[in-house]
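> Input work_23.csv, format and content: CSV, C-alpha atoms.
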chain,number,residue,atom,x,y,z
K,1,MET,CA,20.7,5.7,-32.9
K,2,ALA,CA,22.1,8.9,-31.3
K,3,GLN,CA,22.2,8.8,-27.5
K,4,GLU,CA,20.0,11.3,-25.9
K,5,MET,CA,21.4,14.0,-23.7
K,6,ILE,CA,20.3,17.0,-21.7
K,7,GLU,CA,20.4,20.1,-23.9
K,8,GLY,CA,22.0,23.4,-23.1
K,9,ILE,CA,24.7,22.0,-20.8
K,10,ASN,CA,28.1,23.6,-20.5
K,11,PRO,CA,30.9,21.1,-20.3
K,12,THR,CA,32.4,22.4,-17.1
K,13,ARG,CA,33.6,20.7,-14.0
K,14,MET,CA,31.0,22.5,-11.9
K,15,GLU,CA,28.2,21.2,-14.2
K,16,LEU,CA,29.7,17.7,-14.0
K,17,LEU,CA,29.6,17.7,-10.2
K,18,LYS,CA,26.0,18.9,-10.3
K,19,LEU,CA,25.0,16.2,-12.8
K,20,LYS,CA,26.7,13.5,-10.9
K,21,GLN,CA,24.7,14.5,-7.8
K,22,ARG,CA,21.5,14.5,-9.9
K,23,GLU,CA,22.3,11.1,-11.2
K,24,LYS,CA,22.9,9.7,-7.7
K,25,LEU,CA,19.5,11.1,-6.6
K,26,ALA,CA,17.8,9.7,-9.7
K,27,VAL,CA,19.3,6.2,-9.1
K,28,LYS,CA,18.2,6.3,-5.4
K,29,GLY,CA,14.7,7.5,-6.3
K,30,TYR,CA,14.5,4.7,-9.0
K,31,SER,CA,15.5,2.0,-6.6
K,32,LEU,CA,13.1,3.2,-3.9
K,33,LEU,CA,10.2,3.6,-6.3
K,34,LYS,CA,11.0,0.1,-7.7
K,35,GLU,CA,10.7,-1.3,-4.2
K,36,LYS,CA,7.4,0.5,-3.8
K,37,ARG,CA,6.1,-0.8,-7.1
K,38,ASN,CA,7.0,-4.4,-6.1
K,39,ALA,CA,5.4,-4.0,-2.7
K,40,LEU,CA,2.3,-2.6,-4.3
K,41,ILE,CA,2.1,-5.5,-6.8
K,42,MET,CA,2.5,-7.9,-3.9
K,43,GLU,CA,-0.4,-6.2,-2.0
K,44,PHE,CA,-2.5,-6.4,-5.2
K,45,PHE,CA,-2.0,-10.1,-5.5
K,46,ASN,CA,-2.8,-10.6,-1.8
K,47,ILE,CA,-6.1,-8.8,-2.2
K,48,LEU,CA,-6.7,-10.6,-5.5
K,49,GLU,CA,-6.5,-13.9,-3.6
K,50,ARG,CA,-9.2,-12.7,-1.3
K,51,VAL,CA,-11.5,-11.7,-4.1
K,52,LYS,CA,-11.3,-15.1,-5.8
K,53,GLY,CA,-14.7,-16.7,-5.6
K,54,SER,CA,-16.0,-13.9,-3.5
K,55,ARG,CA,-18.1,-12.4,-6.3
K,56,GLU,CA,-19.4,-15.8,-7.3
K,57,ASN,CA,-20.4,-16.5,-3.6
K,58,VAL,CA,-22.4,-13.2,-3.5
K,59,GLU,CA,-24.1,-13.8,-6.7
K,60,GLU,CA,-25.0,-17.4,-5.7
K,61,LYS,CA,-26.3,-16.3,-2.3
K,62,LEU,CA,-28.4,-13.5,-3.8
K,63,LYS,CA,-29.8,-15.8,-6.5
K,64,GLU,CA,-31.0,-18.2,-3.8
K,65,ALA,CA,-32.5,-15.3,-1.8
K,66,PHE,CA,-34.4,-13.9,-4.8
K,67,GLU,CA,-35.7,-17.4,-5.6
K,68,ASP,CA,-37.1,-17.7,-2.1
K,69,LEU,CA,-38.5,-14.2,-2.3
K,70,THR,CA,-40.3,-15.0,-5.5
K,71,ALA,CA,-41.6,-18.2,-3.9
K,72,SER,CA,-42.9,-16.3,-0.9
K,73,GLN,CA,-44.6,-13.8,-3.2
K,74,ILE,CA,-46.3,-16.7,-5.0
K,75,PHE,CA,-47.5,-18.2,-1.7
K,76,MET,CA,-48.4,-15.0,0.2
K,77,GLY,CA,-49.0,-12.5,-2.6
K,78,ASP,CA,-47.1,-9.2,-3.3
K,79,LEU,CA,-49.1,-7.1,-0.9
K,80,ALA,CA,-48.5,-9.3,2.1
K,81,VAL,CA,-44.8,-9.5,1.3
K,82,ASN,CA,-44.6,-5.7,1.0
K,83,LYS,CA,-46.5,-5.4,4.3
K,84,SER,CA,-44.1,-7.7,6.0
K,85,ALA,CA,-41.1,-5.8,4.5
K,86,LEU,CA,-42.5,-2.5,6.0
K,87,SER,CA,-42.6,-3.9,9.5
K,88,VAL,CA,-39.0,-5.1,9.4
K,89,LYS,CA,-36.9,-3.3,12.0
K,90,GLU,CA,-33.8,-1.2,11.1
K,91,SER,CA,-31.3,-2.7,8.8
K,92,VAL,CA,-27.6,-3.4,9.5
K,93,GLU,CA,-25.3,-0.5,10.4
K,94,VAL,CA,-22.2,-0.2,8.1
K,95,GLU,CA,-19.1,1.5,9.3
K,96,ILE,CA,-16.7,2.9,6.8
K,97,ASP,CA,-13.2,3.9,7.7
K,98,SER,CA,-9.9,4.0,5.9
K,99,ARG,CA,-6.4,2.5,6.1
K,100,SER,CA,-3.3,3.4,4.2
K,101,ILE,CA,-1.2,1.0,2.0
K,102,MET,CA,1.9,3.0,1.2
K,103,GLY,CA,0.0,6.2,0.8
K,104,VAL,CA,-3.0,4.6,-1.0
K,105,VAL,CA,-6.0,5.3,1.2
K,106,VAL,CA,-8.3,2.3,0.9
K,107,PRO,CA,-11.6,1.7,2.7
K,108,VAL,CA,-12.2,-0.5,5.6
K,109,VAL,CA,-15.8,-1.5,5.7
K,110,GLY,CA,-17.5,-3.5,8.5
K,111,SER,CA,-20.8,-3.9,10.2
K,112,THR,CA,-21.1,-2.9,13.8
K,113,THR,CA,-23.8,-5.5,14.4
K,114,SER,CA,-24.2,-9.0,13.0
K,115,PRO,CA,-26.5,-8.8,10.0
K,116,GLU,CA,-28.0,-12.2,10.8
K,117,ARG,CA,-31.1,-12.0,13.0
K,118,THR,CA,-33.7,-14.4,14.4
K,119,VAL,CA,-37.3,-14.3,13.2
K,120,VAL,CA,-38.4,-12.4,16.3
K,121,GLU,CA,-35.6,-9.8,15.8
K,122,ARG,CA,-36.7,-9.1,12.2
K,123,GLY,CA,-39.9,-7.6,13.4
K,124,TYR,CA,-42.6,-9.0,11.0
K,125,SER,CA,-45.3,-11.3,12.2
K,126,PHE,CA,-44.5,-15.0,11.6
K,127,VAL,CA,-48.1,-16.1,12.0
K,128,ASP,CA,-49.4,-15.0,8.6
K,129,THR,CA,-46.1,-15.3,6.7
K,130,SER,CA,-44.6,-18.1,4.7
K,131,VAL,CA,-41.5,-20.1,5.7
K,132,LYS,CA,-40.1,-19.1,2.3
K,133,LEU,CA,-40.1,-15.5,3.4
K,134,ASP,CA,-38.0,-16.4,6.5
K,135,GLU,CA,-35.6,-18.3,4.3
K,136,ALA,CA,-35.3,-15.3,1.9
K,137,ALA,CA,-34.7,-12.9,4.8
K,138,LYS,CA,-32.1,-15.3,6.2
K,139,LYS,CA,-30.3,-15.6,2.8
K,140,PHE,CA,-30.4,-11.8,2.3
K,141,GLU,CA,-28.9,-11.3,5.7
K,142,GLU,CA,-26.1,-13.8,5.0
K,143,SER,CA,-25.3,-12.1,1.7
K,144,ILE,CA,-24.9,-8.7,3.4
K,145,ALA,CA,-21.7,-9.7,5.1
K,146,LEU,CA,-20.4,-11.0,1.8
K,147,ILE,CA,-21.4,-7.8,-0.1
K,148,ILE,CA,-19.7,-5.6,2.5
K,149,GLU,CA,-16.5,-7.6,2.2
K,150,LEU,CA,-16.7,-7.6,-1.6
K,151,GLY,CA,-17.2,-3.9,-1.7
K,152,GLU,CA,-14.1,-3.3,0.4
K,153,ILE,CA,-12.0,-5.6,-1.7
K,154,GLU,CA,-13.1,-4.3,-5.1
K,155,LYS,CA,-12.6,-0.7,-4.2
K,156,THR,CA,-9.1,-1.6,-2.8
K,157,ILE,CA,-8.2,-3.4,-6.0
K,158,ILE,CA,-9.3,-0.4,-8.2
K,159,LEU,CA,-7.2,2.1,-6.0
K,160,LEU,CA,-4.2,-0.2,-5.9
K,161,ALA,CA,-4.3,-0.8,-9.6
K,162,SER,CA,-4.2,2.9,-10.4
K,163,GLU,CA,-1.4,3.5,-7.9
K,164,ILE,CA,0.6,0.6,-9.4
K,165,GLU,CA,0.1,2.2,-12.9
K,166,SER,CA,1.4,5.6,-11.9
K,167,THR,CA,4.3,4.2,-9.9
K,168,LYS,CA,5.2,2.0,-12.8
K,169,ARG,CA,5.2,5.0,-15.1
K,170,ARG,CA,7.5,6.9,-12.8
K,171,VAL,CA,9.9,3.9,-12.5
K,172,ASN,CA,9.9,3.5,-16.3
K,173,ALA,CA,10.5,7.2,-16.9
K,174,LEU,CA,13.5,7.1,-14.5
K,175,GLU,CA,14.8,3.8,-15.9
K,176,HIS,CA,14.5,4.6,-19.6
K,177,ILE,CA,14.7,8.3,-19.9
K,178,ILE,CA,16.0,10.3,-17.0
K,179,ILE,CA,18.9,8.1,-15.8
K,180,PRO,CA,20.2,7.3,-19.3
K,181,ARG,CA,20.1,11.0,-20.2
K,182,LEU,CA,22.0,11.9,-17.1
K,183,GLU,CA,24.5,9.1,-17.7
K,184,ASN,CA,25.0,10.2,-21.3
K,185,THR,CA,25.5,13.8,-20.4
K,186,VAL,CA,28.0,13.0,-17.7
K,187,LYS,CA,29.9,10.8,-20.2
K,188,TYR,CA,29.8,13.7,-22.8
K,189,ILE,CA,31.1,16.3,-20.3
K,190,GLU,CA,33.8,13.9,-19.1
K,191,MET,CA,34.9,13.3,-22.7
K,192,ARG,CA,34.8,17.0,-23.5
K,193,LEU,CA,36.9,17.8,-20.4
K,194,GLU,CA,39.4,15.2,-21.3
K,195,GLU,CA,39.5,16.5,-24.9
K,196,MET,CA,40.1,20.0,-23.6
K,197,GLU,CA,42.8,18.8,-21.3
K,198,ARG,CA,44.5,17.1,-24.3
K,199,GLU,CA,44.2,20.2,-26.4
K,200,ASN,CA,45.8,22.2,-23.6
K,201,PHE,CA,48.6,19.8,-23.3
K,202,VAL,CA,49.4,19.8,-27.0
K,203,ARG,CA,49.2,23.6,-27.0
K,204,LEU,CA,51.6,23.9,-24.1
K,205,LYS,CA,53.9,21.5,-25.8
K,206,MET,CA,53.9,23.5,-28.9
K,207,ILE,CA,54.5,26.8,-27.0
K,208,LYS,CA,57.4,25.1,-25.2
K,209,LYS,CA,58.8,23.9,-28.5
K,210,SER,CA,58.6,27.3,-30.2
K,211,MET,CA,60.2,28.9,-27.2
K,212,GLU,CA,63.1,26.5,-27.3
K,213,MET,CA,63.6,27.2,-31.0
K,214,GLU,CA,63.8,30.9,-30.4
R,1,MET,CA,20.4,26.6,-14.0
R,2,CYS,CA,17.8,25.5,-16.5
R,3,PRO,CA,14.3,25.8,-15.0
R,4,LYS,CA,13.2,22.5,-16.6
R,5,ARG,CA,16.1,20.7,-14.8
R,6,ASP,CA,15.1,22.2,-11.5
R,7,LYS,CA,11.5,21.1,-11.9
R,8,SER,CA,12.4,17.4,-12.5
R,9,ASP,CA,14.8,17.4,-9.6
R,10,ILE,CA,12.1,18.9,-7.3
R,11,MET,CA,9.5,16.4,-8.5
R,12,LEU,CA,11.9,13.5,-7.8
R,13,LYS,CA,12.7,14.8,-4.4
R,14,LYS,CA,9.0,15.2,-3.7
R,15,GLN,CA,8.4,11.6,-4.8
R,16,ILE,CA,11.1,10.3,-2.4
R,17,PHE,CA,9.8,12.5,0.4
R,18,ASN,CA,6.2,11.3,-0.2
R,19,LEU,CA,7.2,7.6,0.1
R,20,ASN,CA,6.8,7.8,3.9
R,21,ARG,CA,3.8,10.2,4.2
R,22,HIS,CA,1.6,7.3,5.3
R,23,ILE,CA,3.6,6.6,8.4
R,24,PRO,CA,1.7,7.6,11.6
R,25,LEU,CA,2.5,10.7,13.5
R,26,GLU,CA,2.6,8.7,16.6
R,27,ARG,CA,2.3,5.0,17.1
R,28,ARG,CA,-0.1,3.7,19.8
R,29,ASN,CA,0.4,0.8,22.2
R,30,LEU,CA,-1.8,-2.3,22.1
R,31,GLU,CA,-3.4,-1.7,25.5
R,32,ASP,CA,-4.6,1.7,24.3
R,33,LEU,CA,-5.8,0.4,21.0
R,34,LEU,CA,-7.7,-2.5,22.5
R,35,ARG,CA,-9.6,-0.1,24.8
R,36,ASP,CA,-10.5,2.2,21.8
R,37,GLU,CA,-13.9,1.6,20.2
R,38,ARG,CA,-12.4,2.5,16.8
R,39,PRO,CA,-8.7,1.8,17.0
R,40,HIS,CA,-6.8,3.9,14.6
R,41,VAL,CA,-3.7,6.2,14.1
R,42,LEU,CA,-3.3,9.4,12.1
R,43,GLY,CA,-0.7,9.5,9.3
R,44,VAL,CA,1.6,12.3,8.5
R,45,ASP,CA,-0.6,13.0,5.5
R,46,GLY,CA,-3.6,13.4,7.8
R,47,ASN,CA,-5.3,10.2,6.8
R,48,ARG,CA,-6.8,7.8,9.3
R,49,HIS,CA,-5.3,4.3,9.5
R,50,ARG,CA,-7.8,1.9,11.0
R,51,PHE,CA,-6.8,-1.3,12.7
R,52,LYS,CA,-8.9,-4.4,12.4
R,53,ARG,CA,-10.0,-5.6,15.8
R,54,SER,CA,-9.5,-9.2,14.8
R,55,GLU,CA,-5.8,-8.5,14.2
R,56,LEU,CA,-5.4,-6.7,17.5
R,57,GLU,CA,-7.0,-9.6,19.3
R,58,ARG,CA,-4.7,-12.0,17.4
R,59,ILE,CA,-1.6,-10.0,18.5
R,60,SER,CA,-2.9,-9.9,22.1
R,61,LYS,CA,-2.9,-13.7,22.1
R,62,ILE,CA,0.7,-13.8,21.0
R,63,ILE,CA,2.2,-11.5,23.6
R,64,LYS,CA,1.8,-11.5,27.4
R,65,PRO,CA,-0.8,-9.0,28.8
R,66,GLU,CA,1.8,-7.2,30.8
R,67,GLU,CA,3.6,-6.3,27.6
R,68,TYR,CA,0.6,-4.8,25.9
R,69,TYR,CA,1.7,-1.3,26.8
R,70,LYS,CA,5.2,-1.9,25.4
R,71,ILE,CA,4.3,-2.9,21.8
R,72,LYS,CA,3.7,0.0,19.5
R,73,LEU,CA,1.5,-0.5,16.5
R,74,PRO,CA,1.7,-0.5,13.5
R,75,ILE,CA,4.7,-2.7,13.2
R,76,TYR,CA,7.1,-1.2,10.6
R,77,ILE,CA,8.5,-3.3,7.8
R,78,GLU,CA,11.6,-1.3,6.9
R,79,ILE,CA,12.6,-1.5,3.3
R,80,GLU,CA,15.9,-0.2,2.1
R,81,SER,CA,16.9,0.0,-1.5
R,82,ASN,CA,20.5,-1.1,-1.0
R,83,ILE,CA,19.6,-4.4,0.7
R,84,SER,CA,17.3,-7.2,-0.3
R,85,GLY,CA,14.5,-8.0,2.0
R,86,ALA,CA,13.1,-6.0,4.9
R,87,ARG,CA,14.0,-5.4,8.5
R,88,ILE,CA,11.8,-5.7,11.5
R,89,LEU,CA,13.0,-4.1,14.7
R,90,GLY,CA,12.1,-4.8,18.4
R,91,ASN,CA,11.9,-7.9,20.5
R,92,LEU,CA,8.1,-8.0,20.8
R,93,GLU,CA,7.7,-7.2,17.1
R,94,ILE,CA,10.0,-10.1,16.3
R,95,ASP,CA,7.9,-12.4,18.6
R,96,ILE,CA,4.8,-11.5,16.6
R,97,VAL,CA,6.6,-12.1,13.3
R,98,ASN,CA,8.0,-15.4,14.5
R,99,SER,CA,4.5,-16.5,15.5
R,100,ILE,CA,3.0,-15.6,12.2
R,101,LEU,CA,5.8,-17.0,10.1
R,102,LYS,CA,6.4,-20.0,12.4
R,103,LYS,CA,10.0,-19.2,12.8
R,104,ASP,CA,12.5,-19.0,15.6
R,105,ASN,CA,14.4,-15.7,15.1
R,106,GLN,CA,16.2,-14.2,18.1
R,107,GLY,CA,17.5,-10.8,18.9
R,108,ASP,CA,16.1,-7.3,18.3
R,109,GLU,CA,16.5,-7.2,14.5
R,110,VAL,CA,15.4,-9.6,11.9
R,111,PHE,CA,15.4,-9.6,8.1
R,112,ILE,CA,12.5,-11.1,6.2
R,113,TYR,CA,12.3,-11.7,2.5
R,114,ARG,CA,9.6,-11.3,-0.1
R,115,PRO,CA,7.6,-14.5,0.4
R,116,GLU,CA,7.6,-13.9,4.1
R,117,ILE,CA,6.6,-10.3,3.7
R,118,ARG,CA,3.7,-11.5,1.7
R,119,ILE,CA,2.5,-13.9,4.4
R,120,LEU,CA,3.0,-11.3,7.1
R,121,ARG,CA,1.1,-8.6,5.2
R,122,LYS,CA,-1.6,-11.2,4.3
R,123,GLU,CA,-2.1,-12.1,8.0
R,124,LEU,CA,-1.7,-8.6,9.4
R,125,PRO,CA,-2.7,-6.1,6.8
R,126,THR,CA,-3.6,-3.2,9.1
R,127,THR,CA,-1.2,-3.8,12.0
R,128,THR,CA,1.9,-3.7,9.8
R,129,GLN,CA,3.1,-0.9,7.5
R,130,TYR,CA,5.9,-0.4,5.0
R,131,MET,CA,8.6,2.1,5.8
R,132,PHE,CA,11.1,3.2,3.1
R,133,LEU,CA,14.5,4.0,4.5
R,134,VAL,CA,15.8,7.1,2.7
R,135,LYS,CA,19.4,8.1,3.6
As structure tokens, please, write out the structure in this file.


Amino acid sequence: MAQEMIEGINPTRMELLKLKQREKLAVKGYSLLKEKRNALIMEFFNILERVKGSRENVEEKLKEAFEDLTASQIFMGDLAVNKSALSVKESVEVEIDSRSIMGVVVPVVGSTTSPERTVVERGYSFVDTSVKLDEAAKKFEESIALIIELGEIEKTIILLASEIESTKRRVNALEHIIIPRLENTVKYIEMRLEEMERENFVRLKMIKKSMEME
Amino acid sequence: MCPKRDKSDIMLKKQIFNLNRHIPLERRNLEDLLRDERPHVLGVDGNRHRFKRSELERISKIIKPEEYYKIKLPIYIEIESNISGARILGNLEIDIVNSILKKDNQGDEVFIYRPEIRILRKELPTTTQYMFLVK
């Protein structure tokens, strides 16, 4: 297979110097981007470790909470549960900020107050409500913290994955296309210059010979 | 010069330049950050970098209270392409790294390697940041 080269290049010393500088820059860029890619992959796996089991925990917690909610609806009736829900005081406040992982802006999500509350803090009357409703509320509150964490992790994973992909593409382009092209062109110019030097040498020798013969 | 060549060179230079755009304009000391309700720094790219309070509290337990104003956060993990591993500079920064990695490094410069970087980043994801050394 023919080696790829940059087209439209004049085999001159000036061009050779410029190309060597470009090659140096490309190699530097390649090694730095490779470091970035490796660091991003490392971050990705760190986050992946955090997400392990997190989704299952959330699903399990929510399943239990909905089971208790259904039980309380059976005991108390839909209307009474809805009435209790309306009297519940304000829900948890979620604070969303950002942090940067090598230029990837990922969310930092947290709640300013603890989502778990006592029966009194919830605001509904506990005289005419079932214990199952208290349990459902407790489990929903417990799952809020897990959902917040899961949301942060999943969004981070998506953002990191797309950055890894684009960095990988850049690294591959440098490794397999740009750097080999530059190397081949440098080699070509060097060969051409050497060839021209040899031609010159032979020409001079021939001129010298013909002058001596005269 | 060929315009196509110019463009690829410019793009590559831009890529290298952008590697450190997340670095904060100004680092803040721990004392200041602990007082702040929402501890954060602003990056060169204008993005906010929020510190987790739990991490700040963890660092505050590692170093003495009289040194809170000396330590600047985030701690930089300096990565250079020519050398393997990463460099951490500063005595207090090294004390924190030693405490996290359970090591006993001395001096004002320490080199840590990939498995250690991973532990450090896992334990302190917001109070440490990567920095790429471009010479």

> May I have the residues of chain R within 8 Å of chain K, counting only C-alpha atoms, written as a PyMOL selection string?

chain R and resi 9+12-13+15-16+19-22+47-51+79-81+118+121-122+126+129-130+132

> With C-alpha atoms retained, write the just-selected residues as a CSV table (one decimal), in the coordinates of the input.


chain,number,residue,atom,x,y,z
R,9,ASP,CA,14.8,17.4,-9.6
R,12,LEU,CA,11.9,13.5,-7.8
R,13,LYS,CA,12.7,14.8,-4.4
R,15,GLN,CA,8.4,11.6,-4.8
R,16,ILE,CA,11.1,10.3,-2.4
R,19,LEU,CA,7.2,7.6,0.1
R,20,ASN,CA,6.8,7.8,3.9
R,21,ARG,CA,3.8,10.2,4.2
R,22,HIS,CA,1.6,7.3,5.3
R,47,ASN,CA,-5.3,10.2,6.8
R,48,ARG,CA,-6.8,7.8,9.3
R,49,HIS,CA,-5.3,4.3,9.5
R,50,ARG,CA,-7.8,1.9,11.0
R,51,PHE,CA,-6.8,-1.3,12.7
R,79,ILE,CA,12.6,-1.5,3.3
R,80,GLU,CA,15.9,-0.2,2.1
R,81,SER,CA,16.9,0.0,-1.5
R,118,ARG,CA,3.7,-11.5,1.7
R,121,ARG,CA,1.1,-8.6,5.2
R,122,LYS,CA,-1.6,-11.2,4.3
R,126,THR,CA,-3.6,-3.2,9.1
R,129,GLN,CA,3.1,-0.9,7.5
R,130,TYR,CA,5.9,-0.4,5.0
R,132,PHE,CA,11.1,3.2,3.1

> Name the residues within 12 Å of (-17.1, -8.1, 11.3), counting only C-alpha atoms in the file's coordinates, and put them as a VMD selection string.

(chain K and resid 92 to 96 108 to 116 144 to 146 148 to 149) or (chain R and resid 52 to 55)

> Please report the interatomic distance between atom CA of R:Glu37 and atom CA of R:Lys72 in Å with one decimal.

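Pair atom CA of R:Glu37 / atom CA of R:Lys72 returns 17.7 Å.
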
> Could you give me, as a VMD selection string, the residues within 9 Å of K:Pro180, counting all atoms listed in the file and dropping anything in the same chain fewer than 4 positions from it?

chain K and resid 3 to 5 174 to 176 184 to 185

> Given the choices R:Gln106, R:Arg38, R:Gly46, R:Ser99, which gets closest to R:Ile59 if the distance is worked out from all atoms listed in the file?

R:Ser99

> With a distance cut-off of 7 Å and all atoms listed in the file, select the neighbouring residues of R:Phe111, excluding the residue or stretch itself and same-chain residues fewer than 4 positions from it, and output the selection as a PyMOL selection string.

chain R and resi 85-88

> In Å to one decimal, how far is atom CA of R:Ser8 from atom CA of K:Tyr188?

20.6 Å

> With distances taken over all atoms listed in the file, which of R:Glu78, R:Arg114, R:Leu33, R:Ile94 is nearest to R:Leu133?

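Of R:Glu78, R:Arg114, R:Leu33, R:Ile94, the one nearest R:Leu133 is R:Glu78, counting all atoms listed in the file.
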
> Measure the distance from atom CA of K:Pro11 to atom CA of K:Arg192 in Å and round it to one decimal.

6.5 Å

> Using all atoms listed in the file, can you list as a ChimeraX atom specification the residues within 10 Å of (31.4, 19.6, -16.7)?

/K:9-20,185-193
